[in-house]
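entry_22.cif follows (mmCIF, C-alpha atoms):
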```cif
data_coords
loop_
_atom_site.label_atom_id
_atom_site.label_comp_id
_atom_site.auth_asym_id
_atom_site.auth_seq_id
_atom_site.Cartn_x
_atom_site.Cartn_y
_atom_site.Cartn_z
CA MET A 149 -21.03 19.83 15.45
CA THR A 150 -24.53 19.34 14.07
CA LEU A 151 -26.04 21.60 11.44
CA THR A 152 -28.59 22.75 14.02
CA GLN A 153 -25.81 23.85 16.38
CA LEU A 154 -24.00 25.59 13.54
CA ALA A 155 -27.16 27.43 12.46
CA LYS A 156 -27.74 28.58 16.04
CA LEU A 157 -24.25 30.05 16.29
CA ALA A 158 -24.77 31.87 12.98
CA HIS A 159 -28.24 33.10 14.09
CA VAL A 160 -29.91 31.59 11.02
CA SER A 161 -32.39 28.78 10.42
CA VAL A 162 -31.24 25.24 9.70
CA SER A 163 -32.74 25.60 6.24
CA THR A 164 -30.66 28.72 5.56
CA ALA A 165 -27.49 27.01 6.75
CA SER A 166 -28.20 24.04 4.47
CA LYS A 167 -28.86 26.29 1.49
CA ALA A 168 -25.63 28.20 2.16
CA PHE A 169 -23.59 25.01 1.88
CA SER A 170 -25.35 23.99 -1.33
CA MET A 171 -24.51 27.43 -2.81
CA SER A 172 -28.17 28.35 -3.19
CA PRO A 173 -28.75 31.88 -4.60
CA GLU A 174 -31.40 32.31 -1.92
CA VAL A 175 -28.64 33.02 0.62
CA ASN A 176 -26.77 36.31 0.25
CA GLU A 177 -22.99 36.33 0.29
CA GLU A 178 -22.69 38.13 3.63
CA THR A 179 -24.78 35.49 5.41
CA ARG A 180 -22.99 32.69 3.58
CA LYS A 181 -19.62 34.05 4.70
CA ILE A 182 -20.73 34.15 8.33
CA ILE A 183 -21.93 30.54 8.17
CA PHE A 184 -18.77 29.36 6.38
CA ASP A 185 -16.45 31.18 8.82
CA ILE A 186 -18.15 29.57 11.81
CA ALA A 187 -18.01 26.15 10.14
CA LYS A 188 -14.29 26.55 9.47
CA GLN A 189 -13.65 27.66 13.06
CA HIS A 190 -15.31 24.46 14.29
CA ASP A 191 -13.59 22.22 11.69
CA CYS A 192 -16.80 21.06 10.02
CA PHE A 193 -16.79 23.04 6.78
CA LYS A 194 -15.97 19.98 4.62
CA LYS A 195 -18.65 18.01 6.41
CA TYR A 196 -21.46 20.27 5.23
CA TYR A 197 -20.16 21.78 2.02
CA ASN A 198 -22.00 19.79 -0.64
CA ALA A 199 -21.72 21.90 -3.77
CA ASN A 200 -20.43 20.26 -6.96
CA TYR A 201 -17.03 21.85 -6.35
CA PRO A 202 -14.51 22.35 -4.93
CA LYS A 203 -13.97 18.63 -4.42
CA LEU A 204 -11.72 17.16 -1.77
CA VAL A 205 -8.15 16.98 -3.06
CA ILE A 206 -6.07 14.02 -1.91
CA ALA A 207 -2.36 13.55 -2.66
CA ILE A 208 -0.87 10.06 -2.86
CA ILE A 209 2.91 9.91 -2.46
CA CYS A 210 4.53 6.56 -3.22
CA PRO A 211 8.15 5.46 -3.60
CA ASP A 212 7.66 4.12 -7.14
CA MET A 213 4.64 4.12 -9.45
CA THR A 214 5.39 0.63 -10.81
CA SER A 215 5.62 -1.20 -7.49
CA SER A 216 2.79 0.85 -5.98
CA SER A 217 0.42 0.76 -8.96
CA GLY A 218 -2.02 -1.67 -7.35
CA LEU A 219 -2.37 0.38 -4.17
CA VAL A 220 -2.65 3.65 -6.10
CA LYS A 221 -5.37 2.21 -8.35
CA ASN A 222 -7.39 0.88 -5.40
CA LEU A 223 -7.09 4.18 -3.53
CA GLN A 224 -8.08 6.20 -6.60
CA THR A 225 -11.10 3.99 -7.21
CA ARG A 226 -12.34 4.31 -3.64
CA LEU A 227 -11.60 8.03 -3.28
CA SER A 228 -13.39 8.80 -6.55
CA GLU A 229 -16.56 7.50 -4.90
CA TYR A 230 -16.20 10.41 -2.48
CA ASN A 231 -15.89 12.87 -5.37
CA CYS A 232 -12.19 13.44 -4.69
CA GLU A 233 -9.52 14.79 -7.00
CA ILE A 234 -6.38 12.66 -6.69
CA CYS A 235 -2.76 13.64 -7.29
CA ALA A 236 -0.33 10.69 -7.39
CA THR A 237 3.44 11.28 -7.34
CA ALA A 238 6.53 9.11 -6.84
CA SER A 239 9.43 10.04 -4.57
CA ALA A 240 11.87 7.68 -6.34
CA PHE A 241 12.70 6.13 -2.94
CA SER A 242 14.27 9.43 -1.83
CA ILE A 243 13.59 10.69 1.71
CA GLU A 244 14.45 14.23 0.62
CA ARG A 245 12.06 14.06 -2.33
CA GLU A 246 9.36 12.57 -0.13
CA ARG A 247 9.65 15.50 2.29
CA GLU A 248 9.66 18.00 -0.59
CA LEU A 249 6.42 16.51 -1.95
CA ILE A 250 4.74 16.62 1.46
CA GLU A 251 5.70 20.30 1.79
CA TYR A 252 4.55 21.02 -1.78
CA TYR A 253 1.12 19.45 -1.34
CA GLU A 254 0.70 20.95 2.12
CA ASN A 255 1.76 24.53 1.43
CA TYR A 256 1.29 25.09 -2.31
CA VAL A 257 -1.53 22.81 -3.46
CA LYS A 258 -3.14 22.91 0.00
CA VAL A 259 -4.63 19.45 -0.31
CA ASP A 260 -7.22 18.16 2.13
CA GLY A 261 -5.39 14.89 2.73
CA ILE A 262 -2.12 13.10 2.01
CA ILE A 263 -1.66 9.32 1.78
CA LEU A 264 1.92 8.11 2.08
CA LEU A 265 2.76 4.65 0.74
CA SER A 266 5.77 2.99 2.42
CA PRO A 267 7.25 6.32 3.56
CA HIS A 268 10.80 6.40 4.89
CA SER A 269 10.20 9.39 7.14
CA VAL A 270 7.64 10.52 9.70
CA PRO A 271 5.19 13.28 8.59
CA PRO A 272 5.95 16.74 10.05
CA ALA A 273 4.30 17.30 13.43
CA ASP A 274 2.87 20.68 12.36
CA ILE A 275 1.24 19.46 9.13
CA GLU A 276 -2.32 20.76 8.68
CA ALA A 277 -3.48 18.33 5.99
CA HIS A 278 -4.98 15.08 7.25
CA VAL A 279 -2.44 12.29 6.78
CA ALA A 280 -2.71 8.52 6.33
CA VAL A 281 0.27 6.19 6.05
CA ILE A 282 0.43 2.63 4.66
CA ASP A 283 3.36 0.35 5.59
CA PRO A 284 5.78 2.92 7.04
CA TYR A 285 9.46 1.98 7.23
CA ASP A 286 9.81 4.06 10.40
CA GLU A 287 7.44 2.54 12.94
CA SER A 288 7.80 5.57 15.22
CA VAL A 289 4.98 7.02 13.10
CA LEU A 290 2.75 4.93 15.38
CA ASP A 291 3.47 7.56 18.04
CA CYS A 292 1.85 10.24 15.84
CA GLU A 293 -1.67 10.16 17.26
CA ASP A 294 -3.15 12.39 14.56
CA VAL A 295 -1.89 10.22 11.68
CA ILE A 296 -3.91 7.26 10.35
CA VAL A 297 -1.54 4.30 10.14
CA ALA A 298 -2.14 1.02 8.28
CA MET A 299 0.42 -1.76 8.64
CA ARG A 300 0.49 -5.08 6.81
CA SER A 301 2.83 -7.66 8.30
CA VAL A 302 4.34 -10.28 5.99
CA ASP A 303 6.61 -11.76 8.68
CA ASN A 304 4.28 -14.64 9.47
CA ALA A 305 3.72 -15.42 5.77
CA CYS A 306 7.45 -15.50 5.04
CA GLU A 307 8.05 -17.88 7.94
CA GLU A 308 5.08 -20.03 6.89
CA ALA A 309 6.41 -20.24 3.31
CA ILE A 310 9.78 -21.50 4.53
CA ASP A 311 8.10 -23.94 6.93
CA HIS A 312 5.93 -25.21 4.07
CA PHE A 313 9.01 -26.40 2.20
CA ILE A 314 11.04 -27.59 5.19
CA SER A 315 8.13 -29.67 6.52
CA ARG A 316 8.13 -31.50 3.19
CA GLY A 317 11.83 -32.27 3.34
CA ILE A 318 13.00 -29.35 1.17
CA THR A 319 15.92 -27.35 2.59
CA ASP A 320 17.30 -26.10 -0.74
CA ILE A 321 15.35 -22.82 -0.72
CA ALA A 322 16.46 -19.81 -2.76
CA PHE A 323 15.34 -16.17 -2.87
CA ILE A 324 14.93 -13.98 -5.95
CA GLY A 325 14.03 -10.30 -5.96
CA ASP A 326 15.19 -6.83 -6.86
CA SER A 327 17.14 -4.06 -5.20
CA ARG A 328 13.96 -2.62 -3.71
CA SER A 329 12.79 -5.76 -1.93
CA SER A 330 15.38 -5.60 0.84
CA SER A 331 12.84 -5.90 3.66
CA LYS A 332 11.56 -9.23 2.30
CA LEU A 333 15.10 -10.45 1.77
CA GLU A 334 15.95 -9.65 5.39
CA LEU A 335 12.94 -11.66 6.55
CA PHE A 336 14.01 -14.56 4.34
CA LYS A 337 17.53 -14.52 5.79
CA LYS A 338 16.19 -14.24 9.33
CA PHE A 339 13.93 -17.28 9.12
CA ILE A 340 16.37 -19.38 7.06
CA THR A 341 19.02 -18.76 9.72
CA GLU A 342 16.62 -19.64 12.53
CA LYS A 343 15.47 -22.88 10.89
CA LEU A 344 18.48 -24.08 8.91
CA GLY A 345 21.38 -22.53 10.80
CA SER A 346 22.84 -20.26 8.12
CA VAL A 347 22.15 -18.47 4.85
CA ASP A 348 23.89 -19.53 1.65
CA ARG A 349 24.56 -16.30 -0.26
CA ASP A 350 24.78 -18.29 -3.50
CA LYS A 351 21.05 -19.00 -3.11
CA ILE A 352 20.12 -15.32 -3.23
CA SER A 353 19.78 -13.51 -6.56
CA ILE A 354 18.90 -9.83 -6.78
CA SER A 355 18.20 -7.89 -9.99
CA ASP A 356 18.04 -4.11 -10.51
CA ASP A 357 14.91 -4.54 -12.64
CA MET A 358 11.43 -4.69 -11.03
CA THR A 359 9.72 -5.93 -14.21
CA PRO A 360 9.35 -9.61 -15.20
CA LYS A 361 12.70 -9.21 -16.93
CA GLY A 362 14.28 -8.78 -13.50
CA GLY A 363 12.86 -12.09 -12.30
CA TYR A 364 14.00 -13.73 -15.53
CA GLU A 365 17.54 -12.45 -14.99
CA ALA A 366 17.54 -13.30 -11.29
CA ILE A 367 16.76 -16.98 -11.72
CA ASN A 368 18.93 -17.30 -14.82
CA SER A 369 21.89 -16.34 -12.62
CA PHE A 370 21.23 -19.70 -10.90
CA LEU A 371 20.29 -21.82 -13.89
CA ASP A 372 23.05 -20.59 -16.19
CA ARG A 373 25.66 -21.88 -13.73
CA GLY A 374 23.90 -25.20 -13.34
CA TYR A 375 22.24 -24.61 -9.98
CA VAL A 376 18.55 -25.59 -9.92
CA PRO A 377 16.98 -24.57 -6.59
CA ARG A 378 14.35 -27.04 -5.42
CA ALA A 379 12.21 -24.21 -4.03
CA ILE A 380 12.10 -20.46 -4.59
CA ILE A 381 10.58 -17.59 -2.67
CA SER A 382 10.02 -14.63 -4.99
CA ALA A 383 9.78 -11.01 -3.84
CA HIS A 384 6.76 -10.09 -6.00
CA PHE A 385 4.44 -11.16 -8.81
CA ASN A 386 6.40 -9.55 -11.69
CA CYS A 387 9.55 -11.29 -10.53
CA THR A 388 7.71 -14.64 -10.41
CA ILE A 389 6.37 -14.27 -13.95
CA GLY A 390 9.86 -13.69 -15.34
CA ALA A 391 11.31 -16.52 -13.27
CA SER A 392 8.65 -18.93 -14.53
CA LYS A 393 9.60 -18.23 -18.13
CA ALA A 394 13.28 -18.89 -17.41
CA VAL A 395 12.45 -22.18 -15.68
CA PHE A 396 10.45 -23.39 -18.69
CA GLN A 397 13.13 -22.30 -21.16
CA HIS A 398 15.63 -24.49 -19.31
CA GLY A 399 13.35 -27.49 -19.80
CA LEU A 400 12.25 -27.59 -16.18
CA LYS A 401 8.77 -27.84 -14.68
CA ILE A 402 6.96 -26.01 -11.89
CA PRO A 403 6.49 -27.43 -9.26
CA GLU A 404 7.99 -30.84 -10.15
CA ASP A 405 11.53 -29.45 -10.53
CA VAL A 406 11.24 -25.99 -9.00
CA ALA A 407 8.49 -25.08 -6.52
CA MET A 408 7.55 -21.42 -6.06
CA ILE A 409 5.88 -19.12 -3.57
CA SER A 410 5.53 -15.45 -4.45
CA PHE A 411 4.93 -12.39 -2.35
CA GLY A 412 1.85 -10.66 -3.74
CA ASN A 413 -1.41 -12.32 -4.71
CA SER A 414 -2.60 -10.91 -8.02
CA GLY A 415 -6.01 -12.10 -9.17
CA THR A 416 -4.41 -13.46 -12.34
CA MET A 417 -2.19 -15.87 -10.41
CA GLU A 418 -5.03 -18.37 -10.12
CA PHE A 419 -5.41 -18.56 -13.92
CA ILE A 420 -1.75 -18.96 -14.87
CA SER A 421 -0.58 -22.49 -15.66
CA PRO A 422 0.54 -23.73 -13.24
CA SER A 423 -1.41 -21.54 -10.84
CA LEU A 424 0.88 -19.56 -8.55
CA THR A 425 0.93 -19.64 -4.76
CA GLY A 426 0.95 -16.07 -3.43
CA VAL A 427 1.18 -14.12 -0.20
CA ASP A 428 -1.99 -12.05 0.12
CA SER A 429 -1.21 -8.65 1.66
CA TYR A 430 -4.84 -7.50 1.43
CA ASP A 431 -4.12 -4.55 -0.89
CA TYR A 432 -7.78 -3.92 -1.71
CA GLU A 433 -9.09 -4.24 1.83
CA CYS A 434 -6.31 -2.02 3.17
CA CYS A 435 -6.97 0.73 0.61
CA ILE A 436 -10.72 0.71 1.30
CA ARG A 437 -10.26 1.10 5.03
CA VAL A 438 -7.56 3.76 4.69
CA ALA A 439 -9.57 5.81 2.17
CA ASP A 440 -12.74 5.55 4.27
CA SER A 441 -10.89 6.52 7.45
CA LEU A 442 -9.21 9.51 5.82
CA ILE A 443 -12.46 10.87 4.37
CA ASN A 444 -14.25 10.35 7.68
CA LYS A 445 -11.46 12.19 9.49
CA ILE A 446 -11.64 15.09 7.05
CA ASN A 447 -15.40 15.25 7.54
CA GLY A 448 -15.15 15.21 11.31
CA GLN A 449 -16.66 11.74 11.66
CA GLU A 450 -15.45 8.67 13.54
CA TYR A 451 -12.57 6.88 11.83
CA GLU A 452 -10.05 4.07 12.30
CA ASN A 453 -6.76 5.47 13.56
CA ARG A 454 -4.78 2.20 13.49
CA ILE A 455 -5.35 -0.52 10.88
CA PHE A 456 -3.47 -3.82 11.01
CA PHE A 457 -3.40 -6.79 8.62
CA LYS A 458 -1.68 -10.16 9.00
CA SER A 459 -0.75 -11.59 5.60
CA ASN A 460 -2.03 -14.95 4.46
CA ILE A 461 -0.71 -17.48 1.91
CA GLU A 462 -3.06 -18.57 -0.87
CA TYR A 463 -1.74 -22.02 -1.77
CA ARG A 464 -1.96 -23.13 -5.39
CA ARG A 465 -0.23 -25.56 -7.73
CA SER A 466 3.21 -23.90 -7.91
CA SER A 467 4.16 -24.79 -4.32
CA GLU A 468 3.04 -28.42 -4.30
CA ILE A 469 5.71 -30.96 -3.36
CA TYR A 470 5.55 -34.60 -4.44
CA GLY A 471 7.31 -37.68 -3.12
#
```
Render the structure in this file as structure tokens.
Amino acid sequence: MTLTQLAKLAHVSVSTASKAFSMSPEVNEETRKIIFDIAKQHDCFKKYYNANYPKLVIAIICPDMTSSSGLVKNLQTRLSEYNCEICATASAFSIERERELIEYYENYVKVDGIILLSPHSVPPADIEAHVAVIDPYDESVLDCEDVIVAMRSVDNACEEAIDHFISRGITDIAFIGDSRSSSKLELFKKFITEKLGSVDRDKISISDDMTPKGGYEAINSFLDRGYVPRAIISAHFNCTIGASKAVFQHGLKIPEDVAMISFGNSGTMEFISPSLTGVDSYDYECCIRVADSLINKINGQEYENRIFFKSNIEYRRSSEIYG
């Protein structure tokens, strides 16, 4: 609805309608209430309300603040450009907690929008807040027409990473990660089985720690028993950093002795020695498009309802194979 149409329904001038939304003292409260009520009835109140406050309030619910910190930061940065207040909370990978937080922000805080990062459940069908979802575990959320869904596939990148090593004669490929990287581990096992016939469980090391210490411990479980994998696929950047330290402490070199490809593509990976090959999941681009779409939806403007990314590998020194 245009401001002209809104003003006509309220039987006021366009100028009066505009002043009402900017909280001008020139418009009395009775007239302002009439204009606001009509705007709310036609779902365009947020579109025209341009006073300094209240701001739009957006809740971000993620499974874990550590693993989701990059996405949360990018979303906060973009949403702040729209003068939004952001609440960020972790569900601790609990479906029950995730649902409790959605209900809390919907019914108590009454946020304008909710962004769910890697949710394990589908948002309630009767939710009034505008909802966006990034990388849902339950793909049936794609059937929720009113929910903005962004999905970033790493399947092709995982297969490409394995092919990169196999095509260079390397079949001794190990996986390191943590207890929360099960989806990447399943992809690794799937493609290893397809290409090499079977998965050697002794070439998989999982730590409970998501910090670099976890990667350090994961690869040490190989090295301390004398097994030196020729190539490693790591679940994330923190894991790779810890693994690199363990490799060097054992007197080995990357990539001459142990080649590495890591999920994640932090900007610092290019400047580490040796530079690290990473799977780019387009965190920044995804957050920009999701934030823009959510704000546009709230404001009654056109928006992207489905956003898809296909991950890409940024090859650097750590994955080079010689001989």
Run the PyMOL selection byres ((chain A and resi 332-341) around 12) against the file shown and list the residues it catches, as a short mmCIF file (atom, residue, chain, number, x, y, z; two decimals) with C-alpha atoms, in the coordinates of the input.
```cif
data_model
loop_
_atom_site.label_atom_id
_atom_site.label_comp_id
_atom_site.auth_asym_id
_atom_site.auth_seq_id
_atom_site.Cartn_x
_atom_site.Cartn_y
_atom_site.Cartn_z
CA SER A 301 2.83 -7.66 8.30
CA VAL A 302 4.34 -10.28 5.99
CA ASP A 303 6.61 -11.76 8.68
CA ASN A 304 4.28 -14.64 9.47
CA ALA A 305 3.72 -15.42 5.77
CA CYS A 306 7.45 -15.50 5.04
CA GLU A 307 8.05 -17.88 7.94
CA GLU A 308 5.08 -20.03 6.89
CA ALA A 309 6.41 -20.24 3.31
CA ILE A 310 9.78 -21.50 4.53
CA ASP A 311 8.10 -23.94 6.93
CA PHE A 313 9.01 -26.40 2.20
CA ILE A 314 11.04 -27.59 5.19
CA THR A 319 15.92 -27.35 2.59
CA ASP A 320 17.30 -26.10 -0.74
CA ILE A 321 15.35 -22.82 -0.72
CA ALA A 322 16.46 -19.81 -2.76
CA PHE A 323 15.34 -16.17 -2.87
CA ILE A 324 14.93 -13.98 -5.95
CA GLY A 325 14.03 -10.30 -5.96
CA ASP A 326 15.19 -6.83 -6.86
CA SER A 327 17.14 -4.06 -5.20
CA ARG A 328 13.96 -2.62 -3.71
CA SER A 329 12.79 -5.76 -1.93
CA SER A 330 15.38 -5.60 0.84
CA SER A 331 12.84 -5.90 3.66
CA GLU A 342 16.62 -19.64 12.53
CA LYS A 343 15.47 -22.88 10.89
CA LEU A 344 18.48 -24.08 8.91
CA GLY A 345 21.38 -22.53 10.80
CA SER A 346 22.84 -20.26 8.12
CA VAL A 347 22.15 -18.47 4.85
CA ASP A 348 23.89 -19.53 1.65
CA ARG A 349 24.56 -16.30 -0.26
CA LYS A 351 21.05 -19.00 -3.11
CA ILE A 352 20.12 -15.32 -3.23
CA SER A 353 19.78 -13.51 -6.56
CA ILE A 354 18.90 -9.83 -6.78
CA ILE A 380 12.10 -20.46 -4.59
CA ILE A 381 10.58 -17.59 -2.67
CA SER A 382 10.02 -14.63 -4.99
CA ALA A 383 9.78 -11.01 -3.84
CA HIS A 384 6.76 -10.09 -6.00
CA SER A 410 5.53 -15.45 -4.45
CA PHE A 411 4.93 -12.39 -2.35
CA GLY A 412 1.85 -10.66 -3.74
CA VAL A 427 1.18 -14.12 -0.20
#
```
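Rounded to one decimal, atom CA of A:Asp294 and atom CA of A:Ala158 lie 29.1 Å from each other.
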**Q.** Residue contacts of A:Ser467 (10 Å, only C-alpha atoms) excluding same-chain residues fewer than 6 positions away, as a ChimeraX atom specification
**A.** /A:309,312-313,379-381,402-404,406-410,422-426
Q. Which residues, written as JSON, numbers by chain, have at least one atom at most 9 Å from stretch 244-247 of chain A, with all atoms listed in the file counted and residues fewer than 4 positions away on the same chain left out?
A. {"A": [209, 210, 211, 238, 239, 240, 251, 252, 264, 267, 268, 269, 271, 272]}
Show me, as JSON, the centre and edge lengths in Å to one decimal of the axis-aligned box that covers every listed atom of stretch 219-229 of chain A with 8 Å on each side.
```
{"center_x": -9.5, "center_y": 4.6, "center_z": -5.8, "size_x": 30.2, "size_y": 24.4, "size_z": 21.1}
```
Q) So which residues get picked by the PyMOL selection byres ((chain A and resi 195) around 9) here, written as a list in words? A)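 Output of the PyMOL selection byres ((chain A and resi 195) around 9): Ala187, Asp191, Cys192, Phe193, Lys194, Tyr196, Tyr197, Asn198, Asn444, Ile446, Asn447, Gly448 and Gln449 of chain A.
Non-sequential neighbours of A:Val175 (distance at most 10 Å, separation of 6 or more positions within a chain, only C-alpha atoms) are A:Thr164, A:Ala165, A:Ser166, A:Lys167, A:Ala168, A:Phe169, A:Lys181.
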If you take all atoms listed in the file and a cut-off of 7 Å, which residues of stretch 383-469 of chain A touch stretch 364-375 of chain A, and what are their nearest atom pairs and distances in Å to one decimal, in chain and number order, as CSV?
```
residue,atom,partner,partner_atom,distance
A:Gly390,CA,A:Tyr364,CA,4.1
A:Ala391,CA,A:Tyr364,CA,4.5
A:Lys393,CA,A:Tyr364,CA,6.8
A:Ala394,CA,A:Tyr364,CA,5.5
```
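Restricting the calculation to all atoms listed in the file, the smallest distance between A:Ile455 and any of A:His159, A:Arg300, A:Arg378, A:Arg316 is found for A:Arg300.
Close contacts of stretch 428-438 of chain A, defined as residues with an atom at most 6 Å away when counting all atoms listed in the file, with chain neighbours fewer than 4 positions off set aside, comprise A:Leu223, A:Gly412, A:Asn413, A:Ser459, A:Asn460, A:Ile461.
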Q. Mind pulling up the distance from atom CA of A:Thr416 to atom CA of A:Pro377?
A.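 Separation of atom CA of A:Pro377 and atom CA of A:Thr416: 24.8 Å.
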Q: Using atom CA of A:Thr237 and atom CA of A:Ala207 as the two end points, give the distance in Å to one decimal.
A: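 Between atom CA of A:Thr237 and atom CA of A:Ala207 the gap works out to 7.8 Å.
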